[in-house]
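Q: Okay, handing you the structure first.
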Amino acid sequence: MPRTRNLAIAAAAAVTALATTPASSQETINLTAISGYPAAATWAGAMVDEYMPAVDAILAKTGKYKIEWNKAIAGQVVKPRGELEGVENGLGDLGVIVTAFHADKVPLYDVSFKTPFTSSDLGLISATTQKMIDTFPQYNETWREDLNQVPLAATGAVDNYMLWSAKKVTDIAQVKGMKVGAAGPNLPWVTAIGAAGVQTNLADAYNSLSTGIYEAMIVWRQGAGAFKLCEPAPFAYDATLGGVNGFSLNVNRDVWESLPEEVQKAMQAAAPTWVAKNVERVNAGAASGVESCKKNFGTEVTEATTEQRNAWAAALPPLGKEWAEQRNAAGQPGTEILKAWMDEMRANNQPIARHWDRD
C-alpha cells in the first residue's frame, strides 16, 4: 500500500490556518530503503552513500520536495535474499534486489550467469544489461506486472569470479569432490568439474568456510576482501571466470505511483550514479581486497593457464543455449537476448573462451 506523505509544514484543519500556509511549503516524503546486506556490500553502500545524496541534490534545485530516508540495511528489515519480497510487499519502499537469487522470478537477468568466461569489465556488463532492459520490454514487464515493482537501474558487483579455498588449487582437476559454495546460478560452473556445489550467499560465507560447511567458494576479489573470506580461504585460483550483473534498484510500484512526478524523475535521474559508484567501489575494492588478503592472511593467487581456462569453459554444459531455449518456451525472447548479449561482448573485444550463442 502507498505510504503516507507528510508535509514538513503541516496544514492545520482550520481554514484560517490553511490560508496562512506559505505557497512554497516543502513537502517531506518518508522512504524506507532496504537491503539484507551491510554497506560493505558495494550495491548497498552505493545506495546509501551515493544514490540517496544524488536524489537529494536534484530535489534541492527546486526545494519543493525533501526525502526523509530510513536506511534500513544490514538486515534491519529483511535478511539477504528477502529484498525482492520486501519491496514487493511494501516492507520497504525501495531496495536493491539481488536478481541472482531469483532466477525463477526474473530469469532474463540470468543471461550473464549463463555466459561465463566472457568478460571481466563490470562497466561493460552493467551497460550491456541496461541495453538489454531498454531493448527487450519483457524485463520491465515482469517487475511491474508480476512483482509490483518499478526498476530504476541494474548493475553488478562482480568483476571477476575466482575460486577461494582453504587448500591450494593449481588445476581444475583438484576441485573434483570438493565442497564449493556458490550462489545458485554459479553452481553449474563448479559441478561441471566435479565439485559438490553448496548454495550460499556472501553474508553466510565467512562462517560457512570457517566451520567447513564448504571448503571453497566462488567469489570476487572485492567481496573476499570486504568480508574477510580470505582468512578461512587464503588460496585463490583465477581462471578469469568473468563478471556478472546481479542487482536491480527497485521501487515498490504502489509507492512509485503515489510519488510526485518531480520526485520520480529525480530518482530516475540519480540511478546512473548508483551504477557508476557501485562499479567504482567494486573496481577499487578488487585491487585493495587482494592486497589486504595478501598482507593480513598470506593469500596466494594462482593464475590459470589459457589451456586450463579453456578446459574449464569446455567442461560446462551449453548453459547459454539451454537458458535461451527455456526462455523461448516461456514465451520470452531468449535466443535474441543471448545473441544480443554475446554480440555486445564480441563488439567490445572481450576475452571470450566460449561463444555461448553458437553451441
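Just remember, in the C-alpha cells the first chain shown is A, the second B, etc., residues are 1-based per chain, and ligands are 1-based in the order shown.
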Give the alpha helix (DSSP H) residues of segment 268-312 of chain A, as assigned by DSSP on the backbone, as a PyMOL selection string.

A: chain A and resi 268-297+306-312

Q: Could you build a table of the residues in segment 290-349 of chain A lying no more than 8 Å from segment 208-229 of chain A, giving for each the nearest pair of atoms and their separation in Å rounded to one decimal place, using only C-alpha atoms, ordered by chain and ascending residue number, as a Markdown table?

A:
| residue | atom | partner | partner_atom | distance |
| --- | --- | --- | --- | --- |
| A:Val290 | CA | A:Arg221 | CA | 6.1 |
| A:Ser292 | CA | A:Gly225 | CA | 6.6 |
| A:Cys293 | CA | A:Gly225 | CA | 6.1 |

Q: I need the chosen residues saved as a PDB file, in the first residue's frame, with N, CA and C atoms.

A:
ATOM      1  N   VAL A 290      42.564  -7.837  -2.631  1.00  0.00           N
ATOM      2  CA  VAL A 290      43.623  -8.845  -2.771  1.00  0.00           C
ATOM      3  C   VAL A 290      44.852  -8.442  -1.970  1.00  0.00           C
ATOM      4  N   SER A 292      44.966  -6.583   0.696  1.00  0.00           N
ATOM      5  CA  SER A 292      44.654  -6.775   2.105  1.00  0.00           C
ATOM      6  C   SER A 292      44.723  -8.249   2.486  1.00  0.00           C
ATOM      7  N   CYS A 293      44.219  -9.098   1.615  1.00  0.00           N
ATOM      8  CA  CYS A 293      44.262 -10.539   1.873  1.00  0.00           C
ATOM      9  C   CYS A 293      45.704 -11.049   1.918  1.00  0.00           C
TER      10      CYS A 293
END

Q: Tell me, as a list in words, which residues lie within 8 Å of Ala153 of chain A, counting only C-alpha atoms; anything in the same chain fewer than 6 positions away does not count.

A: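 Answer for this query is Gln130, Ser248, Leu249, Asn250, Ala271, Pro272 and Val275 of chain A.
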
Q: Create the file for the chosen residues now, containing N, CA and C atoms and written as a PDB file, in the first residue's frame.

A:
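Listing of again.pdb after writing:
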ATOM      1  N   GLN A 130      21.771  -2.961 -19.038  1.00  0.00           N
ATOM      2  CA  GLN A 130      20.803  -1.884 -19.233  1.00  0.00           C
ATOM      3  C   GLN A 130      20.342  -1.828 -20.687  1.00  0.00           C
ATOM      4  N   SER A 248      19.327  -5.096  -9.062  1.00  0.00           N
ATOM      5  CA  SER A 248      18.399  -4.128  -9.646  1.00  0.00           C
ATOM      6  C   SER A 248      17.888  -3.214  -8.538  1.00  0.00           C
ATOM      7  N   LEU A 249      18.004  -1.916  -8.764  1.00  0.00           N
ATOM      8  CA  LEU A 249      17.497  -0.925  -7.820  1.00  0.00           C
ATOM      9  C   LEU A 249      16.027  -0.682  -8.140  1.00  0.00           C
ATOM     10  N   ASN A 250      15.147  -1.090  -7.225  1.00  0.00           N
ATOM     11  CA  ASN A 250      13.710  -1.074  -7.494  1.00  0.00           C
ATOM     12  C   ASN A 250      12.929  -0.267  -6.468  1.00  0.00           C
ATOM     13  N   ALA A 271      19.724   7.332 -10.723  1.00  0.00           N
ATOM     14  CA  ALA A 271      20.034   5.903 -10.820  1.00  0.00           C
ATOM     15  C   ALA A 271      21.386   5.612 -11.479  1.00  0.00           C
ATOM     16  N   PRO A 272      21.779   6.309 -12.561  1.00  0.00           N
ATOM     17  CA  PRO A 272      23.102   6.050 -13.128  1.00  0.00           C
ATOM     18  C   PRO A 272      24.240   6.328 -12.146  1.00  0.00           C
ATOM     19  N   VAL A 275      24.779   3.159 -10.252  1.00  0.00           N
ATOM     20  CA  VAL A 275      25.504   2.184 -11.081  1.00  0.00           C
ATOM     21  C   VAL A 275      26.985   2.525 -11.131  1.00  0.00           C
TER      22      VAL A 275
END

Q: Rounded to one decimal in Å, what is the spacing between atom CA of Asn140 of chain A and atom CA of Asp121 of chain A?

A: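 Rounded to one decimal, the two atoms are 24.4 Å apart.
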
Q: Skipping near chain neighbours, those fewer than 3 positions away, what residues fall within 10 Å of Tyr109 of chain A using only C-alpha atoms, listed as a list in words?

A: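 Surrounding residues, per the criterion: Thr99, Ala100, His102, Ala103, Lys105, Val106, Ser112, Phe113, Lys114, Thr129, Met132, Ile133, Tyr139, Ala154, Val244, Asn245, Gly246, Phe247 and Ser248 of chain A.
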
Q: Could you tell me which of A:Asn160, A:Ser165, A:Asn328, A:Gln149 comes closest to Glu85 of chain A if we count only C-alpha atoms?

A: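 That would be A:Gln149, the residue with the smallest distance to Glu85 of chain A.
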
Q: Please determine, counting only C-alpha atoms, which residue among A:Trp274, A:Phe136, A:Tyr161, A:Phe297 has the shortest atom-to-atom distance to Gln332 of chain A.

A: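 Looking at the shortest contact to Gln332 of chain A, the residue is A:Phe136.
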
Q: Between A:Trp143, A:Gln350, A:His355, A:Ala173, which residue has the minimum interatomic distance to Ser119 of chain A, considering only C-alpha atoms?

A: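 Distance minimum relative to Ser119 of chain A lands on A:Gln350.
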
Q: What separation in Å, quoted to one decimal, exists between atom CA of Ala266 of chain A and atom CA of Asp93 of chain A?

A: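 A separation of 15.5 Å between them.
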
Q: Using only C-alpha atoms, can you tell me which of A:Pro53, A:Gly63, A:Pro188, A:Gly95 comes closest to Ala270 of chain A?

A: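 Of all the options, A:Pro53 lies closest to Ala270 of chain A.
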
Q: For each of A:Leu124, A:Val198, A:Ile97, A:Ala46, take the minimum atom-to-atom distance to Leu147 of chain A, counting only C-alpha atoms, then give the residue where this is smallest.

A: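 Between A:Leu124, A:Val198, A:Ile97, A:Ala46, the residue approaching Leu147 of chain A most closely is A:Ile97.
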
Q: I want to know what sits within 12 Å of Leu31 of chain A, based on only C-alpha atoms, with residues of the same chain fewer than 6 positions away left out; could you give that as a list in words?

A: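 Counting only C-alpha atoms, the residues come to Pro2, Arg3, Thr4, Arg5, Asn6, Met52, Lys66, Ile67, Glu68, Trp69, Asn70, Lys71, Ala72, Val87, Gly90, Leu91, Gly92, Asp93, Leu94, Gly95, Val251, Asn252, Val255, Trp256, Ser258, Leu259, Val263 and Met267 of chain A.
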
Q: Kindly save the residues from that selection, with C-alpha atoms included, as a JSON list (two decimals), in the first residue's frame.

A:
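Dumped to out-v6.json:
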[["chain", "number", "residue", "atom", "x", "y", "z"],
["A", 2, "PRO", "CA", 1.21, 3.54, -0.67],
["A", 3, "ARG", "CA", 2.95, 5.16, 2.25],
["A", 4, "THR", "CA", 1.55, 8.46, 3.56],
["A", 5, "ARG", "CA", 3.48, 11.54, 2.54],
["A", 6, "ASN", "CA", 3.84, 14.02, 5.39],
["A", 52, "MET", "CA", 20.40, 8.98, -1.84],
["A", 66, "LYS", "CA", 12.62, 16.60, 0.50],
["A", 67, "ILE", "CA", 13.05, 12.89, 1.20],
["A", 68, "GLU", "CA", 13.49, 11.64, 4.72],
["A", 69, "TRP", "CA", 15.41, 8.41, 4.19],
["A", 70, "ASN", "CA", 15.15, 5.46, 6.53],
["A", 71, "LYS", "CA", 18.33, 3.50, 5.74],
["A", 72, "ALA", "CA", 17.22, 0.01, 6.76],
["A", 87, "VAL", "CA", 9.90, -4.37, -1.83],
["A", 90, "GLY", "CA", 5.84, -2.88, 0.91],
["A", 91, "LEU", "CA", 8.12, -3.74, 3.84],
["A", 92, "GLY", "CA", 10.47, -1.34, 2.12],
["A", 93, "ASP", "CA", 9.70, 1.41, -0.35],
["A", 94, "LEU", "CA", 12.81, 0.74, -2.39],
["A", 95, "GLY", "CA", 15.79, -1.55, -2.26],
["A", 251, "VAL", "CA", 10.82, 0.90, -6.01],
["A", 252, "ASN", "CA", 7.55, -0.57, -4.81],
["A", 255, "VAL", "CA", 4.73, 3.79, -3.67],
["A", 256, "TRP", "CA", 6.11, 4.87, -7.03],
["A", 258, "SER", "CA", 1.98, 7.84, -5.25],
["A", 259, "LEU", "CA", 5.10, 9.97, -5.69],
["A", 263, "VAL", "CA", 10.41, 13.02, -7.26],
["A", 267, "MET", "CA", 15.00, 9.10, -8.52]]

Q: What lies within 6 Å of Gly197 of chain A using only C-alpha atoms, ignoring chain neighbours under 2 positions off, as a list in words?

A: Lys179, Val180, Gly181, Leu187, Thr191 and Ala195 of chain A

Q: In Å, with one decimal, what is the gap from atom CA of Glu336 of chain A to atom CA of Ala324 of chain A?

A: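 Separation of atom CA of Glu336 of chain A and atom CA of Ala324 of chain A: 8.2 Å.
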
Q: Rank nothing, just name the residue among A:Met178, A:Val282, A:Leu122, A:Val111 nearest to Arg327 of chain A, using only C-alpha atoms.

A: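 Comparing A:Met178, A:Val282, A:Leu122, A:Val111 against Arg327 of chain A, the winner is A:Val111.
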
Q: Which residues, written as number ranges by chain, have at least one atom at most 12 Å from Met345 of chain A, with only C-alpha atoms counted and residues fewer than 2 positions away on the same chain left out?

A: A: 112, 115-129, 242, 338-343, 347-357

Q: If you keep N, CA and C atoms, can you produce a file of those selected residues as an mmCIF file, in the first residue's frame?

A:
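See part_19.cif below for the written result:
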data_model
loop_
_atom_site.group_PDB
_atom_site.id
_atom_site.type_symbol
_atom_site.label_atom_id
_atom_site.label_comp_id
_atom_site.auth_asym_id
_atom_site.auth_seq_id
_atom_site.Cartn_x
_atom_site.Cartn_y
_atom_site.Cartn_z
ATOM 1 N N SER A 112 23.958 -13.300 -17.896
ATOM 2 C CA SER A 112 25.406 -13.218 -17.674
ATOM 3 C C SER A 112 25.923 -14.443 -16.928
ATOM 4 N N THR A 115 26.740 -17.195 -19.345
ATOM 5 C CA THR A 115 27.804 -16.897 -20.317
ATOM 6 C C THR A 115 29.125 -16.593 -19.611
ATOM 7 N N PRO A 116 29.591 -17.506 -18.724
ATOM 8 C CA PRO A 116 30.856 -17.241 -18.028
ATOM 9 C C PRO A 116 32.046 -17.289 -18.986
ATOM 10 N N PHE A 117 33.207 -16.932 -18.503
ATOM 11 C CA PHE A 117 34.434 -16.917 -19.306
ATOM 12 C C PHE A 117 34.296 -15.961 -20.489
ATOM 13 N N THR A 118 33.602 -14.832 -20.249
ATOM 14 C CA THR A 118 33.325 -13.900 -21.346
ATOM 15 C C THR A 118 33.912 -12.517 -21.108
ATOM 16 N N SER A 119 33.657 -11.905 -19.946
ATOM 17 C CA SER A 119 34.115 -10.534 -19.705
ATOM 18 C C SER A 119 34.339 -10.282 -18.220
ATOM 19 N N SER A 120 35.396 -9.512 -17.920
ATOM 20 C CA SER A 120 35.661 -9.056 -16.555
ATOM 21 C C SER A 120 35.518 -7.542 -16.447
ATOM 22 N N ASP A 121 34.898 -6.937 -17.435
ATOM 23 C CA ASP A 121 34.680 -5.491 -17.469
ATOM 24 C C ASP A 121 33.301 -5.200 -16.899
ATOM 25 N N LEU A 122 33.239 -4.863 -15.615
ATOM 26 C CA LEU A 122 31.945 -4.682 -14.958
ATOM 27 C C LEU A 122 31.184 -3.484 -15.510
ATOM 28 N N GLY A 123 31.900 -2.453 -15.930
ATOM 29 C CA GLY A 123 31.226 -1.316 -16.551
ATOM 30 C C GLY A 123 30.499 -1.737 -17.817
ATOM 31 N N LEU A 124 31.162 -2.552 -18.628
ATOM 32 C CA LEU A 124 30.540 -3.060 -19.860
ATOM 33 C C LEU A 124 29.372 -3.978 -19.529
ATOM 34 N N ILE A 125 29.547 -4.836 -18.540
ATOM 35 C CA ILE A 125 28.482 -5.762 -18.150
ATOM 36 C C ILE A 125 27.249 -4.993 -17.683
ATOM 37 N N SER A 126 27.460 -3.968 -16.879
ATOM 38 C CA SER A 126 26.337 -3.156 -16.397
ATOM 39 C C SER A 126 25.647 -2.437 -17.554
ATOM 40 N N ALA A 127 26.443 -1.855 -18.441
ATOM 41 C CA ALA A 127 25.879 -1.128 -19.578
ATOM 42 C C ALA A 127 25.128 -2.069 -20.522
ATOM 43 N N THR A 128 25.667 -3.264 -20.715
ATOM 44 C CA THR A 128 25.007 -4.228 -21.597
ATOM 45 C C THR A 128 23.706 -4.715 -20.985
ATOM 46 N N THR A 129 23.697 -4.912 -19.683
ATOM 47 C CA THR A 129 22.454 -5.296 -19.010
ATOM 48 C C THR A 129 21.389 -4.225 -19.219
ATOM 49 N N GLY A 242 35.106 -14.394 -15.041
ATOM 50 C CA GLY A 242 34.412 -13.204 -15.508
ATOM 51 C C GLY A 242 33.421 -12.661 -14.504
ATOM 52 N N LEU A 338 20.257 -13.699 -25.821
ATOM 53 C CA LEU A 338 21.574 -14.339 -25.750
ATOM 54 C C LEU A 338 22.480 -13.842 -26.880
ATOM 55 N N LYS A 339 21.957 -13.797 -28.085
ATOM 56 C CA LYS A 339 22.762 -13.318 -29.216
ATOM 57 C C LYS A 339 23.129 -11.846 -29.043
ATOM 58 N N ALA A 340 22.175 -11.039 -28.625
ATOM 59 C CA ALA A 340 22.446 -9.607 -28.433
ATOM 60 C C ALA A 340 23.528 -9.414 -27.373
ATOM 61 N N TRP A 341 23.467 -10.210 -26.316
ATOM 62 C CA TRP A 341 24.470 -10.127 -25.245
ATOM 63 C C TRP A 341 25.859 -10.475 -25.777
ATOM 64 N N MET A 342 25.954 -11.595 -26.449
ATOM 65 C CA MET A 342 27.260 -12.032 -26.957
ATOM 66 C C MET A 342 27.769 -11.105 -28.061
ATOM 67 N N ASP A 343 26.870 -10.557 -28.846
ATOM 68 C CA ASP A 343 27.287 -9.595 -29.873
ATOM 69 C C ASP A 343 27.941 -8.376 -29.243
ATOM 70 N N ALA A 347 31.714 -7.289 -29.881
ATOM 71 C CA ALA A 347 31.976 -5.949 -30.410
ATOM 72 C C ALA A 347 32.963 -5.182 -29.542
ATOM 73 N N ASN A 348 33.041 -5.562 -28.255
ATOM 74 C CA ASN A 348 33.963 -4.896 -27.336
ATOM 75 C C ASN A 348 35.217 -5.717 -27.065
ATOM 76 N N ASN A 349 35.477 -6.687 -27.948
ATOM 77 C CA ASN A 349 36.738 -7.458 -27.935
ATOM 78 C C ASN A 349 37.042 -8.085 -26.576
ATOM 79 N N GLN A 350 36.033 -8.717 -25.994
ATOM 80 C CA GLN A 350 36.219 -9.368 -24.701
ATOM 81 C C GLN A 350 36.921 -10.728 -24.862
ATOM 82 N N PRO A 351 37.588 -11.206 -23.803
ATOM 83 C CA PRO A 351 38.351 -12.464 -23.878
ATOM 84 C C PRO A 351 37.430 -13.682 -23.762
ATOM 85 N N ILE A 352 36.659 -13.920 -24.782
ATOM 86 C CA ILE A 352 35.620 -14.957 -24.767
ATOM 87 C C ILE A 352 36.253 -16.338 -24.967
ATOM 88 N N ALA A 353 36.031 -17.207 -23.999
ATOM 89 C CA ALA A 353 36.566 -18.566 -24.118
ATOM 90 C C ALA A 353 35.568 -19.512 -24.795
ATOM 91 N N ARG A 354 34.307 -19.114 -24.780
ATOM 92 C CA ARG A 354 33.270 -19.950 -25.411
ATOM 93 C C ARG A 354 32.129 -19.067 -25.888
ATOM 94 N N HIS A 355 31.775 -19.225 -27.151
ATOM 95 C CA HIS A 355 30.699 -18.415 -27.735
ATOM 96 C C HIS A 355 29.375 -19.133 -27.490
ATOM 97 N N TRP A 356 28.720 -18.727 -26.405
ATOM 98 C CA TRP A 356 27.582 -19.477 -25.877
ATOM 99 C C TRP A 356 26.384 -19.484 -26.807
ATOM 100 N N ASP A 357 26.256 -18.503 -27.662
ATOM 101 C CA ASP A 357 25.128 -18.471 -28.596
ATOM 102 C C ASP A 357 25.384 -19.304 -29.843
#

Q: Give the strand (DSSP E) residues of segment 70-221 of chain A, as assigned by DSSP on the backbone, as a compact mmCIF listing (two decimals) with N, CA and C atoms, in the first residue's frame.

A:
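Saved result, states-v9.txt, follows:
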# COMPACT_ATOMS: atom_id res chain seq x y z
N ASN A 70 14.92 6.45 5.48
CA ASN A 70 15.15 5.46 6.53
C ASN A 70 16.06 4.39 5.92
N LYS A 71 17.32 4.36 6.35
CA LYS A 71 18.33 3.50 5.74
C LYS A 71 18.34 2.14 6.46
N ALA A 72 17.41 1.30 6.07
CA ALA A 72 17.22 0.01 6.76
C ALA A 72 18.00 -1.09 6.06
N LEU A 94 11.87 1.03 -1.31
CA LEU A 94 12.81 0.74 -2.39
C LEU A 94 13.93 -0.12 -1.82
N GLY A 95 14.69 -0.73 -2.71
CA GLY A 95 15.79 -1.55 -2.26
C GLY A 95 16.53 -2.13 -3.44
N VAL A 96 17.67 -2.74 -3.15
CA VAL A 96 18.45 -3.41 -4.18
C VAL A 96 18.11 -4.89 -4.16
N ILE A 97 17.56 -5.36 -5.26
CA ILE A 97 17.18 -6.76 -5.39
C ILE A 97 18.36 -7.53 -5.95
N VAL A 98 18.73 -8.61 -5.27
CA VAL A 98 19.80 -9.47 -5.78
C VAL A 98 19.16 -10.44 -6.76
N GLN A 149 6.79 -3.90 -8.77
CA GLN A 149 7.97 -3.07 -8.61
C GLN A 149 8.29 -2.30 -9.88
N VAL A 150 8.97 -1.18 -9.69
CA VAL A 150 9.45 -0.38 -10.81
C VAL A 150 10.98 -0.38 -10.75
N PRO A 151 11.65 -0.94 -11.76
CA PRO A 151 13.11 -0.96 -11.76
C PRO A 151 13.68 0.37 -12.24
N LEU A 152 14.73 0.82 -11.57
CA LEU A 152 15.37 2.08 -11.96
C LEU A 152 16.69 1.87 -12.69
N ALA A 153 17.44 0.86 -12.31
CA ALA A 153 18.74 0.60 -12.95
C ALA A 153 19.24 -0.77 -12.52
N ALA A 154 20.17 -1.29 -13.31
CA ALA A 154 20.77 -2.59 -13.00
C ALA A 154 22.28 -2.48 -13.02
N THR A 155 22.92 -3.28 -12.19
CA THR A 155 24.38 -3.32 -12.19
C THR A 155 24.84 -4.66 -11.64
N TYR A 161 34.90 -13.54 -11.01
CA TYR A 161 34.81 -14.60 -10.00
C TYR A 161 36.11 -15.40 -9.96
N MET A 162 36.49 -15.77 -8.73
CA MET A 162 37.65 -16.63 -8.53
C MET A 162 37.28 -17.71 -7.53
N LEU A 163 38.02 -18.79 -7.53
CA LEU A 163 37.80 -19.86 -6.57
C LEU A 163 38.71 -19.65 -5.38
N TRP A 164 38.12 -19.34 -4.22
CA TRP A 164 38.87 -19.12 -2.98
C TRP A 164 38.73 -20.38 -2.13
N SER A 165 39.85 -20.90 -1.65
CA SER A 165 39.81 -22.20 -0.98
C SER A 165 40.72 -22.27 0.23
N LYS A 179 33.78 -29.60 -1.71
CA LYS A 179 32.55 -28.87 -1.43
C LYS A 179 32.80 -27.39 -1.71
N VAL A 180 32.05 -26.85 -2.65
CA VAL A 180 32.27 -25.47 -3.09
C VAL A 180 30.97 -24.68 -2.94
N GLY A 181 31.03 -23.57 -2.20
CA GLY A 181 29.89 -22.69 -2.04
C GLY A 181 29.76 -21.75 -3.22
N ALA A 182 28.53 -21.46 -3.59
CA ALA A 182 28.28 -20.55 -4.71
C ALA A 182 26.84 -20.09 -4.66
N ALA A 196 31.14 -30.66 -5.39
CA ALA A 196 29.84 -30.76 -4.75
C ALA A 196 29.39 -29.34 -4.44
N GLY A 197 28.45 -28.82 -5.19
CA GLY A 197 28.03 -27.44 -5.03
C GLY A 197 27.12 -27.24 -3.83
N VAL A 198 27.38 -26.17 -3.09
CA VAL A 198 26.57 -25.82 -1.92
C VAL A 198 26.05 -24.41 -2.13
N GLN A 199 24.73 -24.26 -2.21
CA GLN A 199 24.18 -22.92 -2.43
C GLN A 199 24.37 -22.07 -1.18
N ALA A 216 35.59 -24.35 -0.21
CA ALA A 216 35.97 -23.30 -1.16
C ALA A 216 34.71 -22.56 -1.56
N MET A 217 34.93 -21.40 -2.20
CA MET A 217 33.77 -20.61 -2.62
C MET A 217 34.11 -19.83 -3.88
N ILE A 218 33.12 -19.72 -4.74
CA ILE A 218 33.25 -18.87 -5.91
C ILE A 218 32.88 -17.45 -5.48
N VAL A 219 33.86 -16.55 -5.47
CA VAL A 219 33.61 -15.18 -5.02
C VAL A 219 34.59 -14.25 -5.72
N TRP A 220 34.28 -12.95 -5.71
CA TRP A 220 35.11 -11.97 -6.38
C TRP A 220 36.07 -11.31 -5.39
